[in-house]
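S.K.: What follows is model_16.txt, made up of compact mmCIF, C-alpha atoms:
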```
# COMPACT_ATOMS: atom_id res chain seq x y z
CA MET A 759 -52.54 -12.84 -16.12
CA LYS A 760 -49.04 -12.43 -14.69
CA SER A 761 -46.64 -14.55 -12.72
CA VAL A 762 -45.74 -12.81 -9.46
CA LEU A 763 -43.33 -13.69 -6.65
CA VAL A 764 -44.17 -12.09 -3.30
CA ILE A 765 -41.42 -12.13 -0.68
CA GLY A 766 -42.50 -11.18 2.85
CA LEU A 767 -46.00 -11.98 4.08
CA GLY A 768 -46.63 -9.28 6.65
CA ARG A 769 -49.92 -7.39 6.51
CA PHE A 770 -49.07 -5.58 3.28
CA GLY A 771 -47.52 -8.58 1.54
CA ARG A 772 -50.41 -10.83 2.47
CA HIS A 773 -53.08 -8.42 1.23
CA PHE A 774 -51.10 -7.79 -1.95
CA ALA A 775 -50.71 -11.51 -2.67
CA GLN A 776 -54.38 -12.27 -1.93
CA LYS A 777 -55.60 -9.52 -4.24
CA LEU A 778 -53.28 -10.72 -7.01
CA LEU A 779 -54.72 -14.19 -6.60
CA ALA A 780 -58.28 -12.85 -6.70
CA LEU A 781 -57.39 -11.18 -10.01
CA HIS A 782 -56.42 -14.61 -11.39
CA ASN A 783 -52.64 -14.13 -11.43
CA ASP A 784 -50.15 -16.92 -10.74
CA VAL A 785 -48.71 -16.09 -7.32
CA MET A 786 -45.87 -17.68 -5.37
CA ILE A 787 -45.36 -16.60 -1.76
CA VAL A 788 -42.15 -16.85 0.27
CA ASP A 789 -41.51 -16.09 3.93
CA SER A 790 -39.02 -17.28 6.52
CA ASN A 791 -41.86 -17.80 9.02
CA ALA A 792 -43.26 -21.32 8.58
CA GLU A 793 -46.36 -20.50 10.61
CA ILE A 794 -47.34 -17.72 8.19
CA ILE A 795 -46.82 -19.87 5.09
CA ASN A 796 -48.71 -22.80 6.61
CA SER A 797 -51.64 -20.53 7.50
CA LEU A 798 -51.91 -19.53 3.83
CA ALA A 799 -51.40 -23.01 2.38
CA ALA A 800 -55.09 -23.45 1.58
CA GLU A 801 -55.08 -20.30 -0.57
CA PHE A 802 -51.67 -20.52 -2.26
CA THR A 803 -50.64 -23.76 -3.86
CA ASP A 804 -47.21 -22.36 -4.74
CA SER A 805 -45.27 -21.34 -1.63
CA CYS A 806 -41.87 -21.65 -0.01
CA ILE A 807 -40.54 -21.35 3.52
CA GLY A 808 -37.09 -19.82 3.52
CA ASP A 809 -34.75 -16.90 4.00
CA CYS A 810 -34.45 -14.98 0.72
CA THR A 811 -31.25 -13.27 1.81
CA ARG A 812 -29.64 -16.63 0.96
CA GLU A 813 -28.43 -16.56 -2.62
CA ASP A 814 -28.98 -20.29 -3.10
CA LEU A 815 -32.68 -19.87 -2.30
CA ILE A 816 -33.08 -16.99 -4.77
CA ILE A 817 -31.41 -19.14 -7.44
CA SER A 818 -33.68 -22.08 -6.67
CA LEU A 819 -36.81 -19.91 -7.11
CA GLY A 820 -35.98 -19.24 -10.77
CA VAL A 821 -36.72 -15.52 -10.36
CA ARG A 822 -36.09 -14.70 -14.02
CA ASN A 823 -39.30 -16.60 -14.84
CA PHE A 824 -41.57 -14.23 -12.88
CA ASP A 825 -43.06 -11.15 -14.51
CA ILE A 826 -42.89 -9.27 -11.20
CA CYS A 827 -41.02 -9.84 -7.95
CA MET A 828 -42.37 -7.93 -4.94
CA VAL A 829 -40.11 -7.41 -1.92
CA ALA A 830 -42.76 -6.64 0.71
CA ILE A 831 -40.49 -6.66 3.76
CA GLY A 832 -41.15 -3.57 5.86
CA GLU A 833 -39.30 -3.84 9.16
CA ASP A 834 -35.92 -5.29 8.18
CA PHE A 835 -34.61 -2.89 5.55
CA GLN A 836 -31.18 -4.53 5.38
CA SER A 837 -32.83 -7.78 4.30
CA SER A 838 -34.92 -5.89 1.75
CA LEU A 839 -31.75 -4.42 0.24
CA VAL A 840 -30.00 -7.79 0.06
CA ILE A 841 -33.03 -9.52 -1.48
CA THR A 842 -33.58 -6.78 -4.05
CA SER A 843 -29.92 -6.96 -5.05
CA LEU A 844 -30.01 -10.75 -5.38
CA LEU A 845 -33.20 -10.66 -7.44
CA LYS A 846 -31.66 -8.28 -9.97
CA LYS A 847 -28.37 -10.19 -9.97
CA HIS A 848 -30.16 -13.39 -10.94
CA GLY A 849 -32.30 -11.94 -13.70
CA ALA A 850 -35.59 -10.85 -12.15
CA PRO A 851 -37.09 -8.69 -14.92
CA TYR A 852 -39.09 -6.29 -12.72
CA VAL A 853 -38.61 -5.77 -9.00
CA ILE A 854 -40.93 -3.73 -6.79
CA ALA A 855 -39.66 -2.89 -3.30
CA LYS A 856 -41.29 -1.34 -0.26
CA ALA A 857 -39.73 1.72 1.39
CA ASN A 858 -40.55 3.87 4.40
CA GLN A 859 -38.11 6.76 3.89
CA ALA A 860 -36.58 8.71 1.01
CA ILE A 861 -33.09 7.41 1.83
CA GLN A 862 -34.39 3.86 1.51
CA GLU A 863 -35.79 4.68 -1.92
CA ASP A 864 -32.41 6.06 -3.01
CA LEU A 865 -30.62 2.91 -1.86
CA LEU A 866 -33.15 0.57 -3.47
CA ARG A 867 -32.92 2.40 -6.78
CA THR A 868 -29.12 2.32 -6.63
CA ILE A 869 -29.13 -1.47 -6.43
CA GLY A 870 -31.60 -1.82 -9.28
CA ALA A 871 -35.20 -1.80 -7.97
CA ASP A 872 -37.54 -0.94 -10.84
CA GLN A 873 -40.31 0.54 -8.72
CA ILE A 874 -40.48 1.80 -5.13
CA ILE A 875 -43.71 2.02 -3.19
CA TYR A 876 -44.59 3.85 0.04
CA PRO A 877 -47.85 2.17 1.15
CA GLU A 878 -48.22 4.12 4.39
CA ARG A 879 -47.43 7.48 2.76
CA GLU A 880 -49.74 6.83 -0.18
CA ILE A 881 -52.63 5.89 2.12
CA ALA A 882 -51.98 8.95 4.31
CA GLU A 883 -51.90 11.31 1.30
CA LYS A 884 -55.09 9.84 -0.15
CA LEU A 885 -56.84 10.11 3.23
CA ALA A 886 -55.68 13.71 3.59
CA VAL A 887 -57.28 14.59 0.24
CA ARG A 888 -60.51 12.86 1.21
CA CYS A 889 -60.59 14.68 4.54
CA THR A 890 -59.91 18.03 2.86
CA ALA A 891 -62.48 17.49 0.11
CA GLN A 892 -65.15 15.37 1.74
CA ASN A 893 -67.02 14.63 -1.52
CA VAL A 894 -64.04 12.73 -2.97
CA PHE A 895 -64.77 8.99 -3.08
CA ASP A 896 -61.30 8.08 -4.31
CA CYS A 897 -58.17 9.75 -5.64
CA ILE A 898 -54.94 8.76 -7.36
CA GLU A 899 -52.07 11.24 -7.43
CA LEU A 900 -50.43 10.94 -10.85
CA THR A 901 -47.78 13.62 -10.29
CA ASP A 902 -47.32 16.49 -7.84
CA GLN A 903 -49.57 18.56 -10.09
CA TYR A 904 -52.08 16.14 -11.64
CA ALA A 905 -54.50 13.63 -10.13
CA LEU A 906 -57.50 11.41 -10.83
CA TYR A 907 -60.57 11.95 -8.64
CA GLU A 908 -63.85 10.10 -8.24
CA LEU A 909 -66.55 12.67 -7.50
CA PRO A 910 -70.35 12.69 -7.33
CA VAL A 911 -72.18 14.56 -10.08
CA PRO A 912 -73.15 18.13 -9.07
CA ALA A 913 -76.90 18.44 -8.65
CA GLY A 914 -77.09 21.05 -11.41
CA TRP A 915 -75.58 18.63 -13.93
CA VAL A 916 -78.16 15.86 -13.45
CA GLY A 917 -80.29 15.43 -16.57
CA HIS A 918 -77.75 17.23 -18.78
CA ASP A 919 -75.36 15.67 -21.26
CA ILE A 920 -71.58 16.11 -21.00
CA GLY A 921 -71.29 18.09 -24.23
CA SER A 922 -73.78 20.78 -23.25
CA LEU A 923 -72.05 21.41 -19.90
CA ASN A 924 -68.72 22.44 -21.51
CA ILE A 925 -66.89 20.84 -18.61
CA ARG A 926 -63.40 20.92 -20.12
CA ARG A 927 -63.64 24.61 -21.05
CA LYS A 928 -65.29 25.77 -17.82
CA TYR A 929 -63.45 23.64 -15.28
CA HIS A 930 -60.22 22.60 -17.08
CA VAL A 931 -60.70 18.90 -16.28
CA ASN A 932 -61.52 15.83 -18.37
CA ILE A 933 -64.06 13.14 -17.59
CA VAL A 934 -62.45 9.76 -18.34
CA GLY A 935 -65.20 7.57 -16.90
CA VAL A 936 -68.58 7.44 -15.20
CA LYS A 937 -69.63 4.89 -12.58
CA ARG A 938 -73.30 4.02 -12.21
CA ASP A 939 -74.30 1.42 -9.61
CA GLY A 940 -70.68 0.33 -9.37
CA VAL A 941 -70.33 -0.30 -13.12
CA LEU A 942 -67.70 1.79 -14.92
CA GLN A 943 -68.32 3.26 -18.36
CA PRO A 944 -64.94 4.46 -19.65
CA ILE A 945 -64.62 7.54 -21.89
CA PRO A 946 -68.32 8.53 -21.99
CA GLY A 947 -69.40 10.39 -25.12
CA ALA A 948 -70.58 13.99 -25.30
CA ASP A 949 -74.19 12.72 -25.42
CA TYR A 950 -73.93 10.92 -22.06
CA VAL A 951 -76.68 12.24 -19.73
CA PHE A 952 -75.84 12.37 -16.03
CA ALA A 953 -78.08 10.65 -13.47
CA VAL A 954 -78.27 11.48 -9.78
CA GLN A 955 -76.47 8.30 -8.70
CA ASP A 956 -73.51 8.74 -11.06
CA HIS A 957 -69.91 9.15 -9.97
CA MET A 958 -67.47 10.91 -12.33
CA ILE A 959 -63.87 9.79 -12.82
CA ILE A 960 -62.06 13.04 -13.60
CA ILE A 961 -58.45 13.87 -14.44
CA GLY A 962 -56.85 17.29 -14.13
CA GLU A 963 -54.70 19.58 -12.03
CA GLN A 964 -55.20 19.22 -8.30
CA SER A 965 -56.26 22.85 -8.00
CA ALA A 966 -58.90 22.47 -10.73
CA LEU A 967 -60.25 19.26 -9.21
CA LEU A 968 -60.55 20.83 -5.76
CA LYS A 969 -62.26 23.86 -7.27
CA LEU A 970 -64.80 21.60 -8.98
CA ASN A 971 -65.27 19.69 -5.74
CA ASP A 972 -66.20 22.95 -3.98
CA LYS A 973 -69.09 23.28 -6.42
CA ILE A 974 -70.59 19.94 -5.37
```
Show the structure stored in the file as structure tokens.

M.R.:
Amino acid sequence: MKSVLVIGLGRFGRHFAQKLLALHNDVMIVDSNAEIINSLAAEFTDSCIGDCTREDLIISLGVRNFDICMVAIGEDFQSSLVITSLLKKHGAPYVIAKANQAIQEDLLRTIGADQIIYPEREIAEKLAVRCTAQNVFDCIELTDQYALYELPVPAGWVGHDIGSLNIRRKYHVNIVGVKRDGVLQPIPGADYVFAVQDHMIIIGEQSALLKLNDKI
């Protein structure tokens, strides 16, 4: 469980904060719009109405006591810059900030943001992969070269164990998990026998993953 401060309750910030709460984290939300904060009062017991570009408000929040501070402001980049700078100035240990362009990422990193996210770009890239390889249930790009895919089991693999299929040697990928009926079994052994309903969680180079997908 972590203590997280979420500043900016637009669509992204709201969904982020609600998911954190569902995962049993301690979450404080802040927005300058009283109507938004009041609408979430039943869900979040710890909230604040205020403008976080004001240094006195950042100080009053005790930002050094949060494990993570998320600056989820998307439209007003100047405010995002100011808030990120104030958070780092007053001891926030880890600041995540939202960006829409590469130049915004450069500026946010310059003033000390620890992590930059591009929600729209990441969703678009993931959707592009799923449209290109229609059997992909989910994907996470780890680097430009490597990724993690969730794929169905090829029909020819059903009833066979992982070891006998020589998957790593033949396809140059590694199976790091198997999902059956929504339940994940991490790092399955060589004796794991595939069933028709299984999904494989596979890591490898993008080219190797797409090549395997073509087999399915």

S.K.: Would you kindly return, as an MDAnalysis selection string, each protein, DNA or RNA residue with an atom no farther than 12 Å from any atom of range 937-943 of chain A, considering all atoms listed in the file and excluding same-chain residues fewer than 4 positions away?

M.R.: chainID A and resid 895 908:911 933 947 950:960

S.K.: So, with only C-alpha atoms as the atoms that count, which of A:Pro877, A:Gly849, A:Gly962, A:Gly766 lies closest to Asp809 in chain A?

M.R.: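 Distance minimum relative to Asp809 in chain A lands on A:Gly766.
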
S.K.: A:Ile920, A:Leu798, A:Ser805, A:Leu845: which is nearest Ile817 in chain A, counting only C-alpha atoms?

M.R.: A:Leu845

S.K.: May I have the residues within 7 Å of Asp825 in chain A as an NGL selection string, using all atoms listed in the file and disregarding those fewer than 3 positions away in the same chain?

M.R.: :A and (760-762 or 851-852)

S.K.: What does the file look like for those residues with C-alpha atoms, as an mmCIF file, in the frame of the given file?

M.R.:
```
data_model
loop_
_atom_site.group_PDB
_atom_site.id
_atom_site.type_symbol
_atom_site.label_atom_id
_atom_site.label_comp_id
_atom_site.auth_asym_id
_atom_site.auth_seq_id
_atom_site.Cartn_x
_atom_site.Cartn_y
_atom_site.Cartn_z
ATOM 1 C CA LYS A 760 -49.040 -12.430 -14.690
ATOM 2 C CA SER A 761 -46.640 -14.550 -12.720
ATOM 3 C CA VAL A 762 -45.740 -12.810 -9.460
ATOM 4 C CA PRO A 851 -37.090 -8.690 -14.920
ATOM 5 C CA TYR A 852 -39.090 -6.290 -12.720
#
```

S.K.: May I ask for the distance between CA of Arg769 in chain A and CA of Gly870 in chain A, given in Å to one decimal place?

M.R.: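 CA of Arg769 in chain A sits 24.8 Å away from CA of Gly870 in chain A.
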
S.K.: Would you work out the distance separating CA of Asp902 in chain A from CA of Asn971 in chain A, expressed in Å to one decimal?

M.R.: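 Computing the Euclidean distance for CA of Asp902 in chain A and CA of Asn971 in chain A yields 18.4 Å.
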
S.K.: Select, from A:Asp789, A:Asp949, A:Arg867, A:Ala882, the residue with the minimum atom-to-atom distance to Leu839 in chain A, counting only C-alpha atoms.

M.R.: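 With only C-alpha atoms as the atom set, the closest residue is A:Arg867.
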
S.K.: Please complete range 927-938 of chain A with all heavy atoms and give it back as a PDB file, in the coordinates of the input.

M.R.:
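File produced: result_32.pdb:
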```
ATOM      1  N   ARG A 927     -63.906  23.178 -20.896  1.00  0.00           N
ATOM      2  CA  ARG A 927     -63.640  24.610 -21.050  1.00  0.00           C
ATOM      3  C   ARG A 927     -63.866  25.379 -19.748  1.00  0.00           C
ATOM      4  O   ARG A 927     -63.081  26.254 -19.386  1.00  0.00           O
ATOM      5  CB  ARG A 927     -64.531  25.187 -22.149  1.00  0.00           C
ATOM      6  CG  ARG A 927     -64.321  26.676 -22.401  1.00  0.00           C
ATOM      7  CD  ARG A 927     -65.123  27.165 -23.588  1.00  0.00           C
ATOM      8  NE  ARG A 927     -66.549  26.968 -23.395  1.00  0.00           N
ATOM      9  CZ  ARG A 927     -67.323  27.800 -22.688  1.00  0.00           C
ATOM     10  NH1 ARG A 927     -66.805  28.861 -22.100  1.00  0.00           N
ATOM     11  NH2 ARG A 927     -68.617  27.564 -22.575  1.00  0.00           N
ATOM     12  N   LYS A 928     -64.936  25.016 -19.029  1.00  0.00           N
ATOM     13  CA  LYS A 928     -65.290  25.770 -17.820  1.00  0.00           C
ATOM     14  C   LYS A 928     -64.440  25.400 -16.613  1.00  0.00           C
ATOM     15  O   LYS A 928     -64.118  26.254 -15.778  1.00  0.00           O
ATOM     16  CB  LYS A 928     -66.765  25.551 -17.480  1.00  0.00           C
ATOM     17  CG  LYS A 928     -67.733  26.214 -18.432  1.00  0.00           C
ATOM     18  CD  LYS A 928     -69.166  25.980 -17.966  1.00  0.00           C
ATOM     19  CE  LYS A 928     -70.166  26.674 -18.878  1.00  0.00           C
ATOM     20  NZ  LYS A 928     -71.579  26.421 -18.449  1.00  0.00           N
ATOM     21  N   TYR A 929     -64.097  24.106 -16.497  1.00  0.00           N
ATOM     22  CA  TYR A 929     -63.450  23.640 -15.280  1.00  0.00           C
ATOM     23  C   TYR A 929     -62.033  23.108 -15.489  1.00  0.00           C
ATOM     24  O   TYR A 929     -61.349  22.754 -14.525  1.00  0.00           O
ATOM     25  CB  TYR A 929     -64.319  22.554 -14.620  1.00  0.00           C
ATOM     26  CG  TYR A 929     -65.707  23.039 -14.302  1.00  0.00           C
ATOM     27  CD1 TYR A 929     -66.779  22.745 -15.145  1.00  0.00           C
ATOM     28  CD2 TYR A 929     -65.950  23.832 -13.176  1.00  0.00           C
ATOM     29  CE1 TYR A 929     -68.059  23.207 -14.874  1.00  0.00           C
ATOM     30  CE2 TYR A 929     -67.235  24.298 -12.900  1.00  0.00           C
ATOM     31  CZ  TYR A 929     -68.279  23.987 -13.751  1.00  0.00           C
ATOM     32  OH  TYR A 929     -69.544  24.462 -13.471  1.00  0.00           O
ATOM     33  N   HIS A 930     -61.587  23.020 -16.754  1.00  0.00           N
ATOM     34  CA  HIS A 930     -60.220  22.600 -17.080  1.00  0.00           C
ATOM     35  C   HIS A 930     -59.892  21.196 -16.554  1.00  0.00           C
ATOM     36  O   HIS A 930     -58.805  20.931 -16.062  1.00  0.00           O
ATOM     37  CB  HIS A 930     -59.211  23.617 -16.531  1.00  0.00           C
ATOM     38  CG  HIS A 930     -59.535  25.031 -16.922  1.00  0.00           C
ATOM     39  ND1 HIS A 930     -59.432  25.486 -18.213  1.00  0.00           N
ATOM     40  CD2 HIS A 930     -59.997  26.081 -16.181  1.00  0.00           C
ATOM     41  CE1 HIS A 930     -59.799  26.762 -18.257  1.00  0.00           C
ATOM     42  NE2 HIS A 930     -60.152  27.147 -17.051  1.00  0.00           N
ATOM     43  N   VAL A 931     -60.882  20.304 -16.644  1.00  0.00           N
ATOM     44  CA  VAL A 931     -60.700  18.900 -16.280  1.00  0.00           C
ATOM     45  C   VAL A 931     -61.310  18.043 -17.375  1.00  0.00           C
ATOM     46  O   VAL A 931     -62.093  18.535 -18.207  1.00  0.00           O
ATOM     47  CB  VAL A 931     -61.370  18.555 -14.919  1.00  0.00           C
ATOM     48  CG1 VAL A 931     -60.752  19.376 -13.789  1.00  0.00           C
ATOM     49  CG2 VAL A 931     -62.882  18.764 -14.981  1.00  0.00           C
ATOM     50  N   ASN A 932     -60.970  16.769 -17.395  1.00  0.00           N
ATOM     51  CA  ASN A 932     -61.520  15.830 -18.370  1.00  0.00           C
ATOM     52  C   ASN A 932     -62.180  14.657 -17.667  1.00  0.00           C
ATOM     53  O   ASN A 932     -61.600  14.084 -16.728  1.00  0.00           O
ATOM     54  CB  ASN A 932     -60.415  15.305 -19.291  1.00  0.00           C
ATOM     55  CG  ASN A 932     -59.918  16.364 -20.252  1.00  0.00           C
ATOM     56  OD1 ASN A 932     -60.648  16.810 -21.125  1.00  0.00           O
ATOM     57  ND2 ASN A 932     -58.670  16.786 -20.083  1.00  0.00           N
ATOM     58  N   ILE A 933     -63.369  14.308 -18.128  1.00  0.00           N
ATOM     59  CA  ILE A 933     -64.060  13.140 -17.590  1.00  0.00           C
ATOM     60  C   ILE A 933     -63.599  11.910 -18.376  1.00  0.00           C
ATOM     61  O   ILE A 933     -63.788  11.830 -19.588  1.00  0.00           O
ATOM     62  CB  ILE A 933     -65.586  13.291 -17.698  1.00  0.00           C
ATOM     63  CG1 ILE A 933     -66.046  14.469 -16.829  1.00  0.00           C
ATOM     64  CG2 ILE A 933     -66.299  12.014 -17.260  1.00  0.00           C
ATOM     65  CD1 ILE A 933     -67.529  14.751 -16.904  1.00  0.00           C
ATOM     66  N   VAL A 934     -62.974  10.959 -17.677  1.00  0.00           N
ATOM     67  CA  VAL A 934     -62.450   9.760 -18.340  1.00  0.00           C
ATOM     68  C   VAL A 934     -63.302   8.530 -18.048  1.00  0.00           C
ATOM     69  O   VAL A 934     -63.048   7.457 -18.579  1.00  0.00           O
ATOM     70  CB  VAL A 934     -60.986   9.501 -17.938  1.00  0.00           C
ATOM     71  CG1 VAL A 934     -60.102  10.637 -18.420  1.00  0.00           C
ATOM     72  CG2 VAL A 934     -60.836   9.315 -16.423  1.00  0.00           C
ATOM     73  N   GLY A 935     -64.323   8.691 -17.199  1.00  0.00           N
ATOM     74  CA  GLY A 935     -65.200   7.570 -16.900  1.00  0.00           C
ATOM     75  C   GLY A 935     -66.363   8.011 -16.032  1.00  0.00           C
ATOM     76  O   GLY A 935     -66.310   9.053 -15.370  1.00  0.00           O
ATOM     77  N   VAL A 936     -67.421   7.207 -16.066  1.00  0.00           N
ATOM     78  CA  VAL A 936     -68.580   7.440 -15.200  1.00  0.00           C
ATOM     79  C   VAL A 936     -68.965   6.095 -14.581  1.00  0.00           C
ATOM     80  O   VAL A 936     -69.020   5.073 -15.283  1.00  0.00           O
ATOM     81  CB  VAL A 936     -69.780   8.010 -15.974  1.00  0.00           C
ATOM     82  CG1 VAL A 936     -70.989   8.163 -15.053  1.00  0.00           C
ATOM     83  CG2 VAL A 936     -69.427   9.353 -16.602  1.00  0.00           C
ATOM     84  N   LYS A 937     -69.181   6.099 -13.273  1.00  0.00           N
ATOM     85  CA  LYS A 937     -69.630   4.890 -12.580  1.00  0.00           C
ATOM     86  C   LYS A 937     -71.099   5.043 -12.208  1.00  0.00           C
ATOM     87  O   LYS A 937     -71.490   6.047 -11.611  1.00  0.00           O
ATOM     88  CB  LYS A 937     -68.794   4.662 -11.318  1.00  0.00           C
ATOM     89  CG  LYS A 937     -67.408   4.137 -11.599  1.00  0.00           C
ATOM     90  CD  LYS A 937     -66.557   4.079 -10.341  1.00  0.00           C
ATOM     91  CE  LYS A 937     -67.011   3.026  -9.378  1.00  0.00           C
ATOM     92  NZ  LYS A 937     -66.079   2.911  -8.222  1.00  0.00           N
ATOM     93  N   ARG A 938     -71.881   4.047 -12.578  1.00  0.00           N
ATOM     94  CA  ARG A 938     -73.300   4.020 -12.210  1.00  0.00           C
ATOM     95  C   ARG A 938     -73.593   2.657 -11.587  1.00  0.00           C
ATOM     96  O   ARG A 938     -73.389   1.625 -12.219  1.00  0.00           O
ATOM     97  CB  ARG A 938     -74.193   4.272 -13.415  1.00  0.00           C
ATOM     98  CG  ARG A 938     -75.681   4.265 -13.084  1.00  0.00           C
ATOM     99  CD  ARG A 938     -76.531   4.624 -14.286  1.00  0.00           C
ATOM    100  NE  ARG A 938     -76.315   6.004 -14.718  1.00  0.00           N
ATOM    101  CZ  ARG A 938     -76.987   6.579 -15.722  1.00  0.00           C
ATOM    102  NH1 ARG A 938     -77.902   5.889 -16.389  1.00  0.00           N
ATOM    103  NH2 ARG A 938     -76.732   7.823 -16.059  1.00  0.00           N
TER     104      ARG A 938
END
```
